[in-house]
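In what follows, a single structure is set out as structure tokens and then discussed.
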Amino acid sequence: MSHNVFLPAGVEARYNVKVPMRDGVRLSADIYFPAGLSGPFPVVLGRTPYNNMTEESLESAVFYPQHGYVFVAQDVRGKNDSDGEFYPFANEFDDGHDTVEWIGAQPWCDGNVGMVGSSYVGNVQWQAAAMGSRYLKTIIPRVIGHNLHESPQFQGGAFQLGWTAMWTFRMDGRTRQDIFIYNWDQLFQSLPLKELDGAAGRDIPFYRDWIDHPDYDDYWKALAIEERYQEIKIPVLQIGGWYDFFTLGTFKNFVGMRERGGSDLAKGNQRAIVGPWVHRANFFTHAGEVDYGKASILDQKEIELRWFDRWLKGISNGADQEAPLRIFVMGTNQWRDEHEWPLARTRFTPFYFHSAGEANSLLGDGGLSTTPPEEEQPDRYLYNPSFPVPTRGGCNCCNPEIVAWGAYDQRPVEYRNDVLVYTSDPMEEDMETTGPVIVKLFASTDARDTDFTAKLVDVDPDGYAVNLCDGIIRGRYRESTSHQRLLEPGTVYEFTIDLWPTSNVFKKGHRIRVDVSSSNFPRFDRNPNTGNKFGQDAEMNVAHQQVFHDREHPSHIILPLIPKA
């Protein structure tokens, strides 16, 4: 072991240690040891496609050895100093397992391995855990989900264009690529989608493969964590954010593992912490334009260390006795412990859309109340994919310089005539909404396929309208994302739009608002309204949309209301 002058006293390092995989490919790992101490030690592993000397990796490289752990930072296959070719996600089950097995057999490992990291670095933890190494005792995945089809590649059947294009361009190479050399406004408009990489002079096979698999098919199921909960037998601590684009997946994993985990140990030791954060969880007090205060930031390293001390060192420190769920309630901006999801005391309450047929824009007559509609005229608007509603914040990622993420005032898009705006009367008292949010939308179109979007908004007395959560449904996937069925023009369908979970108190004097439209671009691709094969269409049609709210078609949002204690 050699001491590196760039490391603090107490930490020693070995760089570019080659770890053999089952097929002979060798992956590069940097290994950081507690200096001056005799092992063996428990080990914390981070496996990354982003360079194993990122700021996040180096922070862990300093922190964990100073607390009696070896920290291993590994480049995944085909990235940076590792051999092989990179194809996202596909090799991480085996490579993660082989790496854990190699670590467990080293003389400096005491047989206890944990994993840590965010996003892709979180997904590889779940994948390794599904392989059942006897050495892997716990994982701490941050901001990652349950099913790569539902996020980050698609959502509700719509393609997550902004993230997918930027991420694939960045990852198309052994090292991180510069994506700011491109005119993204122009690239996002490029059609057909399958040739977007070629429009920028690139050839990215895995991008084209994703375009070729718009359904949740065997390609995606082979990668999905939710298909393998029963194979994961260890405790898990997740960290997520209300404005992360894996928010739904964090809760799906929490509930799925408690119900279907592969052991009683796993079922009984699932923990999740969800704050008012974007995809970079716990980095900032603000998400977009809204600042949630110093209390919104936790001592993440201390939380993770307590978890590892419990499960890797066997210290009885109470980490396994804490409430399984800790959430930040926006509006009151307070942390709160809970014991299940959804909360057992939830009252799922429909709030119905109302208008005299002119809910178009913030200047329209759209209303929202718990009173079901009687006979009301439908609202109508044109969805022109050549002039889509622009993305303004929300659960997207990862370059706010190009596509904003987080909480933003929605009024700039609510003034558009192709956005239906339904607003309640001011709250007479504080009202908490914590849990999954769903819109049941009765709508028709004259197209064979189209999209419908919905957004939950908190409007303060001054008119500031902040987005809380939102969603989209592609018409052909209204029954299931596993198969397509085109629409019959003119037929009224009941569309279910999953807006994903949130936790917010609508303060007294605030109003609840729901925005409905057919695009959110470039976060999602534009539905061209043709019904043609996804990704290969350069043609675009205008769709004439109708949203119904009458006795037979009571369009509404279902809010998870939490009664006052």
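So you can find residues: chains in the structure tokens are A, B, ... in the order shown, residues in each start at 1, and ligands are numbered from 1 in order.
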
I'd like the contact shell of Thr99 of chain A - 12 Å cut-off, only C-alpha atoms, skipping same-chain residues fewer than 4 positions apart - returned as a ChimeraX atom specification. /A:17-22,25-29,43-47,72-77,91-95,103-106,113-115,124-125,128-129,131,133,135-136

Compile a residue-level contact table for segment 251-270 of chain A against segment 236-246 of chain A at a cut-off of 10 Å, reporting for every qualifying residue the shortest atom pair and its distance in Å to one decimal, with only C-alpha atoms counted, rows ordered by chain and ascending number, as JSON lines.
```
{"residue": "A:Phe251", "atom": "CA", "partner": "A:Gly240", "partner_atom": "CA", "distance": 8.9}
{"residue": "A:Lys252", "atom": "CA", "partner": "A:Phe246", "partner_atom": "CA", "distance": 9.8}
{"residue": "A:Asn253", "atom": "CA", "partner": "A:Gln238", "partner_atom": "CA", "distance": 8.7}
{"residue": "A:Phe254", "atom": "CA", "partner": "A:Gln238", "partner_atom": "CA", "distance": 7.9}
{"residue": "A:Met257", "atom": "CA", "partner": "A:Val236", "partner_atom": "CA", "distance": 8.8}
{"residue": "A:Ala266", "atom": "CA", "partner": "A:Val236", "partner_atom": "CA", "distance": 7.4}
{"residue": "A:Lys267", "atom": "CA", "partner": "A:Val236", "partner_atom": "CA", "distance": 9.4}
{"residue": "A:Gly268", "atom": "CA", "partner": "A:Val236", "partner_atom": "CA", "distance": 9.9}
{"residue": "A:Asn269", "atom": "CA", "partner": "A:Val236", "partner_atom": "CA", "distance": 6.7}
{"residue": "A:Gln270", "atom": "CA", "partner": "A:Val236", "partner_atom": "CA", "distance": 5.1}
```

How about saving the chosen residues, all heavy atoms kept, as a CSV table (one decimal), in the first residue's frame?
```csv
chain,number,residue,atom,x,y,z
A,251,PHE,N,-40.5,4.7,-4.1
A,251,PHE,CA,-41.6,4.1,-3.3
A,251,PHE,C,-42.0,2.7,-3.8
A,251,PHE,O,-42.4,1.8,-3.0
A,251,PHE,CB,-42.8,5.0,-3.3
A,251,PHE,CG,-42.6,6.3,-2.5
A,251,PHE,CD1,-42.3,7.5,-3.1
A,251,PHE,CD2,-42.8,6.2,-1.1
A,251,PHE,CE1,-42.0,8.6,-2.3
A,251,PHE,CE2,-42.5,7.4,-0.3
A,251,PHE,CZ,-42.2,8.5,-0.9
A,252,LYS,N,-42.0,2.5,-5.1
A,252,LYS,CA,-42.2,1.1,-5.6
A,252,LYS,C,-41.3,0.1,-5.0
A,252,LYS,O,-41.7,-1.0,-4.6
A,252,LYS,CB,-42.1,1.1,-7.1
A,252,LYS,CG,-43.2,1.8,-7.9
A,252,LYS,CD,-44.4,0.9,-8.0
A,252,LYS,CE,-45.4,1.5,-9.0
A,252,LYS,NZ,-46.6,0.7,-9.2
A,253,ASN,N,-40.0,0.5,-4.9
A,253,ASN,CA,-39.0,-0.4,-4.3
A,253,ASN,C,-39.3,-0.6,-2.8
A,253,ASN,O,-39.2,-1.7,-2.3
A,253,ASN,CB,-37.6,0.1,-4.5
A,253,ASN,CG,-37.1,0.1,-5.9
A,253,ASN,OD1,-37.5,-0.8,-6.7
A,253,ASN,ND2,-36.2,0.9,-6.3
A,254,PHE,N,-39.6,0.5,-2.1
A,254,PHE,CA,-39.9,0.4,-0.7
A,254,PHE,C,-41.0,-0.6,-0.4
A,254,PHE,O,-40.9,-1.5,0.4
A,254,PHE,CB,-40.2,1.8,-0.2
A,254,PHE,CG,-40.6,1.8,1.3
A,254,PHE,CD1,-39.6,1.7,2.3
A,254,PHE,CD2,-41.9,2.1,1.7
A,254,PHE,CE1,-40.0,1.8,3.6
A,254,PHE,CE2,-42.3,2.1,3.0
A,254,PHE,CZ,-41.3,2.0,4.0
A,257,MET,N,-40.3,-4.3,-1.8
A,257,MET,CA,-39.4,-5.2,-1.0
A,257,MET,C,-40.0,-5.6,0.3
A,257,MET,O,-39.7,-6.7,0.8
A,257,MET,CB,-38.1,-4.4,-0.8
A,257,MET,CG,-37.1,-4.4,-1.9
A,257,MET,SD,-36.5,-6.1,-2.4
A,257,MET,CE,-35.6,-6.5,-0.9
A,266,ALA,N,-34.9,-9.0,4.8
A,266,ALA,CA,-35.1,-7.9,3.8
A,266,ALA,C,-36.4,-7.2,4.0
A,266,ALA,O,-36.5,-6.0,4.0
A,266,ALA,CB,-35.0,-8.5,2.4
A,267,LYS,N,-37.5,-8.0,4.1
A,267,LYS,CA,-38.8,-7.5,4.3
A,267,LYS,C,-38.9,-6.5,5.5
A,267,LYS,O,-39.6,-5.5,5.5
A,267,LYS,CB,-39.9,-8.6,4.4
A,267,LYS,CG,-40.1,-9.4,3.1
A,267,LYS,CD,-41.1,-10.5,3.4
A,267,LYS,CE,-41.3,-11.3,2.1
A,267,LYS,NZ,-42.2,-12.5,2.4
A,268,GLY,N,-38.2,-6.9,6.6
A,268,GLY,CA,-38.4,-6.1,7.8
A,268,GLY,C,-37.4,-5.0,8.0
A,268,GLY,O,-37.4,-4.3,9.0
A,269,ASN,N,-36.5,-4.8,7.0
A,269,ASN,CA,-35.5,-3.8,7.1
A,269,ASN,C,-35.3,-3.0,5.8
A,269,ASN,O,-34.2,-2.9,5.3
A,269,ASN,CB,-34.1,-4.4,7.5
A,269,ASN,CG,-34.1,-5.0,8.9
A,269,ASN,OD1,-34.0,-4.2,9.9
A,269,ASN,ND2,-34.3,-6.3,9.0
A,270,GLN,N,-36.4,-2.5,5.4
A,270,GLN,CA,-36.4,-1.5,4.3
A,270,GLN,C,-36.6,-0.1,4.8
A,270,GLN,O,-37.6,0.1,5.6
A,270,GLN,CB,-37.5,-1.9,3.3
A,270,GLN,CG,-37.3,-3.2,2.6
A,270,GLN,CD,-36.1,-3.3,1.8
A,270,GLN,OE1,-35.8,-2.4,1.0
A,270,GLN,NE2,-35.3,-4.4,2.0
```

Excluding Pro65 of chain A and its own-chain neighbours fewer than 5 positions away, which residues fall within 8 Å of it when counting only C-alpha atoms? Please give them as a list in words. Gly10, Val11, Tyr32, Phe33, Pro34, Ala35, Val70 and Phe71 of chain A

Which residues of segment 483-522 of chain A come within 9 Å of segment 423-427 of chain A, and what is each one's closest atom pair and distance in Å (one decimal), counting only C-alpha atoms, sorted by chain and residue number, as JSON lines?
```
{"residue": "A:Phe506", "atom": "CA", "partner": "A:Met427", "partner_atom": "CA", "distance": 7.3}
{"residue": "A:Lys507", "atom": "CA", "partner": "A:Met427", "partner_atom": "CA", "distance": 6.9}
{"residue": "A:Lys508", "atom": "CA", "partner": "A:Met427", "partner_atom": "CA", "distance": 4.9}
{"residue": "A:Gly509", "atom": "CA", "partner": "A:Pro426", "partner_atom": "CA", "distance": 4.8}
{"residue": "A:His510", "atom": "CA", "partner": "A:Pro426", "partner_atom": "CA", "distance": 5.2}
{"residue": "A:Arg511", "atom": "CA", "partner": "A:Pro426", "partner_atom": "CA", "distance": 4.6}
{"residue": "A:Ile512", "atom": "CA", "partner": "A:Ser424", "partner_atom": "CA", "distance": 5.3}
{"residue": "A:Arg513", "atom": "CA", "partner": "A:Thr423", "partner_atom": "CA", "distance": 4.3}
{"residue": "A:Val514", "atom": "CA", "partner": "A:Thr423", "partner_atom": "CA", "distance": 6.5}
{"residue": "A:Asp515", "atom": "CA", "partner": "A:Thr423", "partner_atom": "CA", "distance": 8.7}
```

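Nearest-residue note for Asp379 of chain A: choosing from A:His213, A:His286, A:His354, A:His67, the minimum distance belongs to A:His354, counting only C-alpha atoms.
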
Residues at most 9 Å from Lys301 of chain A, counting only C-alpha atoms, excluding those fewer than 5 positions away in the same chain, as a ChimeraX atom specification? /A:60,63,306

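Of the residues listed (A:Leu305, A:Ala538, A:Ile139, A:Leu298), A:Ile139 shows the shortest atom-to-atom separation from Ser118 of chain A; distances use only C-alpha atoms.
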
If you run DSSP on the backbone here, which positions in segment 257-500 of chain A get helix (DSSP H, G or I)? Please write them as a short mmCIF file (atom, residue, chain, number, x, y, z; two decimals) with all heavy atoms, in the first residue's frame.
```cif
data_model
loop_
_atom_site.label_atom_id
_atom_site.label_comp_id
_atom_site.auth_asym_id
_atom_site.auth_seq_id
_atom_site.Cartn_x
_atom_site.Cartn_y
_atom_site.Cartn_z
N MET A 257 -40.26 -4.35 -1.82
CA MET A 257 -39.36 -5.15 -1.00
C MET A 257 -39.99 -5.55 0.33
O MET A 257 -39.74 -6.65 0.84
CB MET A 257 -38.06 -4.39 -0.76
CG MET A 257 -37.12 -4.40 -1.95
SD MET A 257 -36.53 -6.06 -2.38
CE MET A 257 -35.65 -6.52 -0.88
N ARG A 258 -40.81 -4.69 0.90
CA ARG A 258 -41.49 -5.04 2.16
C ARG A 258 -42.49 -6.17 1.95
O ARG A 258 -42.75 -6.97 2.85
CB ARG A 258 -42.18 -3.80 2.74
CG ARG A 258 -41.19 -2.88 3.47
CD ARG A 258 -41.75 -1.48 3.68
NE ARG A 258 -42.94 -1.43 4.50
CZ ARG A 258 -42.99 -1.03 5.77
NH1 ARG A 258 -41.86 -0.69 6.40
NH2 ARG A 258 -44.13 -0.96 6.42
N GLU A 259 -43.05 -6.24 0.74
CA GLU A 259 -44.04 -7.27 0.45
C GLU A 259 -43.43 -8.52 -0.17
O GLU A 259 -43.87 -9.63 0.11
CB GLU A 259 -45.11 -6.71 -0.49
CG GLU A 259 -45.96 -5.60 0.12
CD GLU A 259 -46.96 -5.03 -0.86
OE1 GLU A 259 -46.85 -5.35 -2.08
OE2 GLU A 259 -47.83 -4.24 -0.44
N ARG A 260 -42.41 -8.36 -1.02
CA ARG A 260 -41.92 -9.47 -1.82
C ARG A 260 -40.44 -9.73 -1.69
O ARG A 260 -39.87 -10.52 -2.44
CB ARG A 260 -42.25 -9.22 -3.31
CG ARG A 260 -43.74 -9.18 -3.61
CD ARG A 260 -44.03 -8.52 -4.96
NE ARG A 260 -43.10 -8.93 -6.00
CZ ARG A 260 -42.76 -8.17 -7.04
NH1 ARG A 260 -43.27 -6.95 -7.16
NH2 ARG A 260 -41.93 -8.60 -7.96
N ASP A 264 -37.08 -12.63 5.36
CA ASP A 264 -37.68 -11.83 6.43
C ASP A 264 -36.77 -10.68 6.80
O ASP A 264 -37.24 -9.59 7.16
CB ASP A 264 -37.97 -12.71 7.65
CG ASP A 264 -39.10 -13.69 7.42
OD1 ASP A 264 -39.90 -13.46 6.48
OD2 ASP A 264 -39.18 -14.70 8.15
N LEU A 265 -35.46 -10.91 6.74
CA LEU A 265 -34.51 -9.84 7.04
C LEU A 265 -34.72 -8.67 6.09
O LEU A 265 -34.73 -7.51 6.51
CB LEU A 265 -33.08 -10.37 6.90
CG LEU A 265 -31.96 -9.35 7.12
CD1 LEU A 265 -31.91 -8.90 8.57
CD2 LEU A 265 -30.61 -9.93 6.68
N ALA A 266 -34.88 -8.97 4.81
CA ALA A 266 -35.09 -7.92 3.82
C ALA A 266 -36.45 -7.24 4.01
O ALA A 266 -36.55 -6.01 4.03
CB ALA A 266 -34.98 -8.49 2.42
N LYS A 267 -37.50 -8.04 4.15
CA LYS A 267 -38.83 -7.46 4.29
C LYS A 267 -38.93 -6.55 5.51
O LYS A 267 -39.62 -5.53 5.47
CB LYS A 267 -39.86 -8.58 4.41
CG LYS A 267 -40.08 -9.39 3.14
CD LYS A 267 -41.08 -10.51 3.37
CE LYS A 267 -41.30 -11.34 2.12
NZ LYS A 267 -42.23 -12.47 2.36
N LYS A 294 -32.61 25.42 5.48
CA LYS A 294 -31.48 24.61 5.94
C LYS A 294 -31.93 23.26 6.47
O LYS A 294 -31.21 22.26 6.36
CB LYS A 294 -30.70 25.36 7.01
CG LYS A 294 -29.85 26.50 6.49
CD LYS A 294 -29.15 27.22 7.63
CE LYS A 294 -28.21 26.29 8.37
NZ LYS A 294 -27.47 27.00 9.43
N ALA A 295 -33.12 23.22 7.07
CA ALA A 295 -33.59 21.96 7.67
C ALA A 295 -33.82 20.87 6.62
O ALA A 295 -33.92 19.69 6.97
CB ALA A 295 -34.88 22.20 8.45
N SER A 296 -33.90 21.26 5.35
CA SER A 296 -34.15 20.27 4.31
C SER A 296 -32.91 19.43 3.99
O SER A 296 -33.01 18.40 3.32
CB SER A 296 -34.64 20.95 3.03
OG SER A 296 -33.62 21.75 2.46
N GLN A 300 -26.12 13.32 5.45
CA GLN A 300 -26.26 12.06 4.73
C GLN A 300 -25.17 11.07 5.08
O GLN A 300 -25.44 9.87 5.26
CB GLN A 300 -26.25 12.34 3.23
CG GLN A 300 -26.44 11.13 2.34
CD GLN A 300 -26.59 11.54 0.90
OE1 GLN A 300 -27.56 12.20 0.53
NE2 GLN A 300 -25.62 11.18 0.08
N LYS A 301 -23.94 11.54 5.18
CA LYS A 301 -22.85 10.63 5.51
C LYS A 301 -23.06 9.99 6.88
O LYS A 301 -22.78 8.80 7.07
CB LYS A 301 -21.51 11.37 5.47
CG LYS A 301 -20.95 11.56 4.06
CD LYS A 301 -20.41 10.25 3.52
CE LYS A 301 -19.60 10.41 2.24
NZ LYS A 301 -20.45 10.66 1.08
N GLU A 302 -23.55 10.75 7.83
CA GLU A 302 -23.79 10.20 9.17
C GLU A 302 -24.89 9.14 9.12
O GLU A 302 -24.79 8.09 9.77
CB GLU A 302 -24.16 11.32 10.14
CG GLU A 302 -24.26 10.90 11.60
CD GLU A 302 -25.62 10.32 11.99
OE1 GLU A 302 -26.60 10.64 11.29
OE2 GLU A 302 -25.69 9.54 12.97
N ILE A 303 -25.94 9.40 8.34
CA ILE A 303 -27.05 8.44 8.21
C ILE A 303 -26.55 7.15 7.57
O ILE A 303 -26.84 6.05 8.04
CB ILE A 303 -28.19 9.07 7.38
CG1 ILE A 303 -28.85 10.21 8.15
CG2 ILE A 303 -29.22 8.01 6.99
CD1 ILE A 303 -29.80 11.04 7.31
N GLU A 304 -25.77 7.29 6.50
CA GLU A 304 -25.27 6.12 5.81
C GLU A 304 -24.27 5.35 6.66
O GLU A 304 -24.25 4.10 6.66
CB GLU A 304 -24.66 6.53 4.47
CG GLU A 304 -25.70 7.09 3.51
CD GLU A 304 -25.14 7.56 2.18
OE1 GLU A 304 -23.91 7.67 2.06
OE2 GLU A 304 -25.94 7.81 1.27
N LEU A 305 -23.42 6.07 7.41
CA LEU A 305 -22.46 5.40 8.28
C LEU A 305 -23.16 4.58 9.36
O LEU A 305 -22.77 3.44 9.64
CB LEU A 305 -21.53 6.43 8.92
CG LEU A 305 -20.46 5.86 9.86
CD1 LEU A 305 -19.49 4.97 9.10
CD2 LEU A 305 -19.72 6.99 10.58
N ARG A 306 -24.20 5.15 9.96
CA ARG A 306 -24.97 4.41 10.98
C ARG A 306 -25.55 3.12 10.38
O ARG A 306 -25.57 2.07 11.03
CB ARG A 306 -26.11 5.27 11.54
CG ARG A 306 -25.72 6.16 12.70
CD ARG A 306 -26.82 7.12 13.09
NE ARG A 306 -28.12 6.48 13.28
CZ ARG A 306 -28.49 5.82 14.38
NH1 ARG A 306 -27.64 5.66 15.38
NH2 ARG A 306 -29.71 5.30 14.47
N TRP A 307 -26.05 3.22 9.15
CA TRP A 307 -26.63 2.05 8.48
C TRP A 307 -25.56 0.98 8.24
O TRP A 307 -25.76 -0.20 8.52
CB TRP A 307 -27.28 2.48 7.18
CG TRP A 307 -28.10 1.41 6.51
CD1 TRP A 307 -27.72 0.63 5.46
CD2 TRP A 307 -29.44 1.01 6.83
NE1 TRP A 307 -28.73 -0.22 5.10
CE2 TRP A 307 -29.81 -0.01 5.93
CE3 TRP A 307 -30.36 1.43 7.79
CZ2 TRP A 307 -31.05 -0.63 5.95
CZ3 TRP A 307 -31.61 0.81 7.81
CH2 TRP A 307 -31.95 -0.20 6.91
N PHE A 308 -24.41 1.41 7.72
CA PHE A 308 -23.33 0.46 7.49
C PHE A 308 -22.78 -0.12 8.80
O PHE A 308 -22.46 -1.31 8.88
CB PHE A 308 -22.20 1.11 6.69
CG PHE A 308 -22.48 1.24 5.22
CD1 PHE A 308 -22.13 2.39 4.52
CD2 PHE A 308 -23.09 0.21 4.51
CE1 PHE A 308 -22.37 2.51 3.16
CE2 PHE A 308 -23.34 0.31 3.14
CZ PHE A 308 -22.98 1.47 2.47
N ASP A 309 -22.66 0.74 9.82
CA ASP A 309 -22.18 0.23 11.11
C ASP A 309 -23.09 -0.87 11.64
O ASP A 309 -22.63 -1.85 12.23
CB ASP A 309 -22.11 1.37 12.13
CG ASP A 309 -20.88 2.24 11.98
OD1 ASP A 309 -19.97 1.87 11.20
OD2 ASP A 309 -20.82 3.31 12.62
N ARG A 310 -24.40 -0.70 11.42
CA ARG A 310 -25.34 -1.72 11.89
C ARG A 310 -25.20 -3.01 11.09
O ARG A 310 -25.15 -4.11 11.67
CB ARG A 310 -26.78 -1.18 11.79
CG ARG A 310 -27.86 -2.22 12.06
CD ARG A 310 -27.80 -2.73 13.51
NE ARG A 310 -28.71 -3.84 13.74
CZ ARG A 310 -28.41 -5.12 13.54
NH1 ARG A 310 -27.19 -5.46 13.09
NH2 ARG A 310 -29.29 -6.07 13.78
N TRP A 311 -25.16 -2.91 9.77
CA TRP A 311 -25.26 -4.11 8.94
C TRP A 311 -23.93 -4.69 8.49
O TRP A 311 -23.87 -5.86 8.08
CB TRP A 311 -26.15 -3.82 7.73
CG TRP A 311 -27.55 -3.48 8.14
CD1 TRP A 311 -28.16 -2.27 8.03
CD2 TRP A 311 -28.49 -4.33 8.78
NE1 TRP A 311 -29.43 -2.31 8.56
CE2 TRP A 311 -29.66 -3.59 9.03
CE3 TRP A 311 -28.47 -5.67 9.19
CZ2 TRP A 311 -30.79 -4.11 9.65
CZ3 TRP A 311 -29.59 -6.21 9.80
CH2 TRP A 311 -30.73 -5.43 10.02
N LEU A 312 -22.85 -3.90 8.55
CA LEU A 312 -21.53 -4.42 8.18
C LEU A 312 -20.65 -4.69 9.39
O LEU A 312 -19.81 -5.59 9.35
CB LEU A 312 -20.82 -3.46 7.22
CG LEU A 312 -21.53 -3.17 5.89
CD1 LEU A 312 -20.63 -2.31 5.00
CD2 LEU A 312 -21.94 -4.45 5.17
N ARG A 411 -47.08 29.82 -14.34
CA ARG A 411 -47.91 30.76 -15.08
C ARG A 411 -47.44 31.02 -16.51
O ARG A 411 -48.29 31.19 -17.40
CB ARG A 411 -48.02 32.07 -14.29
CG ARG A 411 -48.95 31.95 -13.09
CD ARG A 411 -48.98 33.22 -12.25
NE ARG A 411 -47.71 33.45 -11.58
CZ ARG A 411 -47.47 34.46 -10.75
NH1 ARG A 411 -48.43 35.35 -10.49
NH2 ARG A 411 -46.29 34.60 -10.17
N PRO A 412 -46.14 31.03 -16.80
CA PRO A 412 -45.75 31.25 -18.19
C PRO A 412 -46.33 30.23 -19.17
O PRO A 412 -46.60 30.58 -20.32
CB PRO A 412 -44.22 31.16 -18.13
CG PRO A 412 -43.87 31.63 -16.76
CD PRO A 412 -44.97 31.07 -15.89
N VAL A 413 -46.54 28.99 -18.74
CA VAL A 413 -47.16 28.02 -19.65
C VAL A 413 -48.67 27.97 -19.46
O VAL A 413 -49.40 27.57 -20.39
CB VAL A 413 -46.56 26.60 -19.47
CG1 VAL A 413 -45.11 26.59 -19.90
CG2 VAL A 413 -46.70 26.09 -18.05
N GLU A 414 -49.16 28.40 -18.31
CA GLU A 414 -50.61 28.37 -18.07
C GLU A 414 -51.36 29.44 -18.86
O GLU A 414 -52.59 29.38 -18.97
CB GLU A 414 -50.90 28.53 -16.57
CG GLU A 414 -50.52 27.31 -15.75
CD GLU A 414 -50.63 27.52 -14.26
OE1 GLU A 414 -50.67 28.69 -13.82
OE2 GLU A 414 -50.66 26.52 -13.52
N GLY A 475 -51.70 7.66 -25.55
CA GLY A 475 -52.99 7.01 -25.79
C GLY A 475 -52.90 5.53 -26.07
O GLY A 475 -53.68 4.73 -25.55
N ARG A 476 -51.95 5.12 -26.88
CA ARG A 476 -51.85 3.71 -27.27
C ARG A 476 -51.44 2.81 -26.10
O ARG A 476 -51.56 1.59 -26.19
CB ARG A 476 -50.88 3.55 -28.43
CG ARG A 476 -49.43 3.84 -28.11
CD ARG A 476 -48.53 3.55 -29.30
NE ARG A 476 -48.69 4.56 -30.36
CZ ARG A 476 -48.16 4.41 -31.58
NH1 ARG A 476 -47.47 3.32 -31.89
NH2 ARG A 476 -48.32 5.35 -32.49
N TYR A 477 -50.97 3.44 -25.00
CA TYR A 477 -50.57 2.67 -23.82
C TYR A 477 -51.55 2.85 -22.66
O TYR A 477 -51.20 2.61 -21.50
CB TYR A 477 -49.16 3.07 -23.38
CG TYR A 477 -48.09 2.62 -24.34
CD1 TYR A 477 -47.42 3.54 -25.15
CD2 TYR A 477 -47.75 1.27 -24.45
CE1 TYR A 477 -46.43 3.13 -26.03
CE2 TYR A 477 -46.76 0.85 -25.33
CZ TYR A 477 -46.11 1.78 -26.12
OH TYR A 477 -45.13 1.37 -27.00
#
```

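Between Asp320 of chain A and the residues A:Ser82, A:Thr433, A:Asn529, A:Thr138, the shortest atom-to-atom distance, using only C-alpha atoms, involves A:Thr138.
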
Selection: 7 Å around segment 356-373 of chain A, only C-alpha atoms, excl. self and same-chain fewer than 6 positions, as a list in words: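 Everything that qualifies: Pro350, Asp379, Glu414, Tyr415, Arg416, Asn417, Asp418, Val419, Leu420, Val421, Tyr422, Thr423, Ser424, His549, Asp550, Arg551 and Pro554 of chain A.
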
DSSP strand (DSSP E or B) selection over segment 329-543 of chain A, as a PyMOL selection string: chain A and resi 329-330+334-338+347-354+360+367-369+379-383+390+394+406-407+409+420-423+431-445+451-459+465-474+493-506+511-517+521+543

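For Pro385 of chain A, the list of residues within 7 Å, based on only C-alpha atoms and with local chain neighbours fewer than 6 positions off taken out, reads Arg526, Asn527, Pro528, Met540 and Val542 of chain A.
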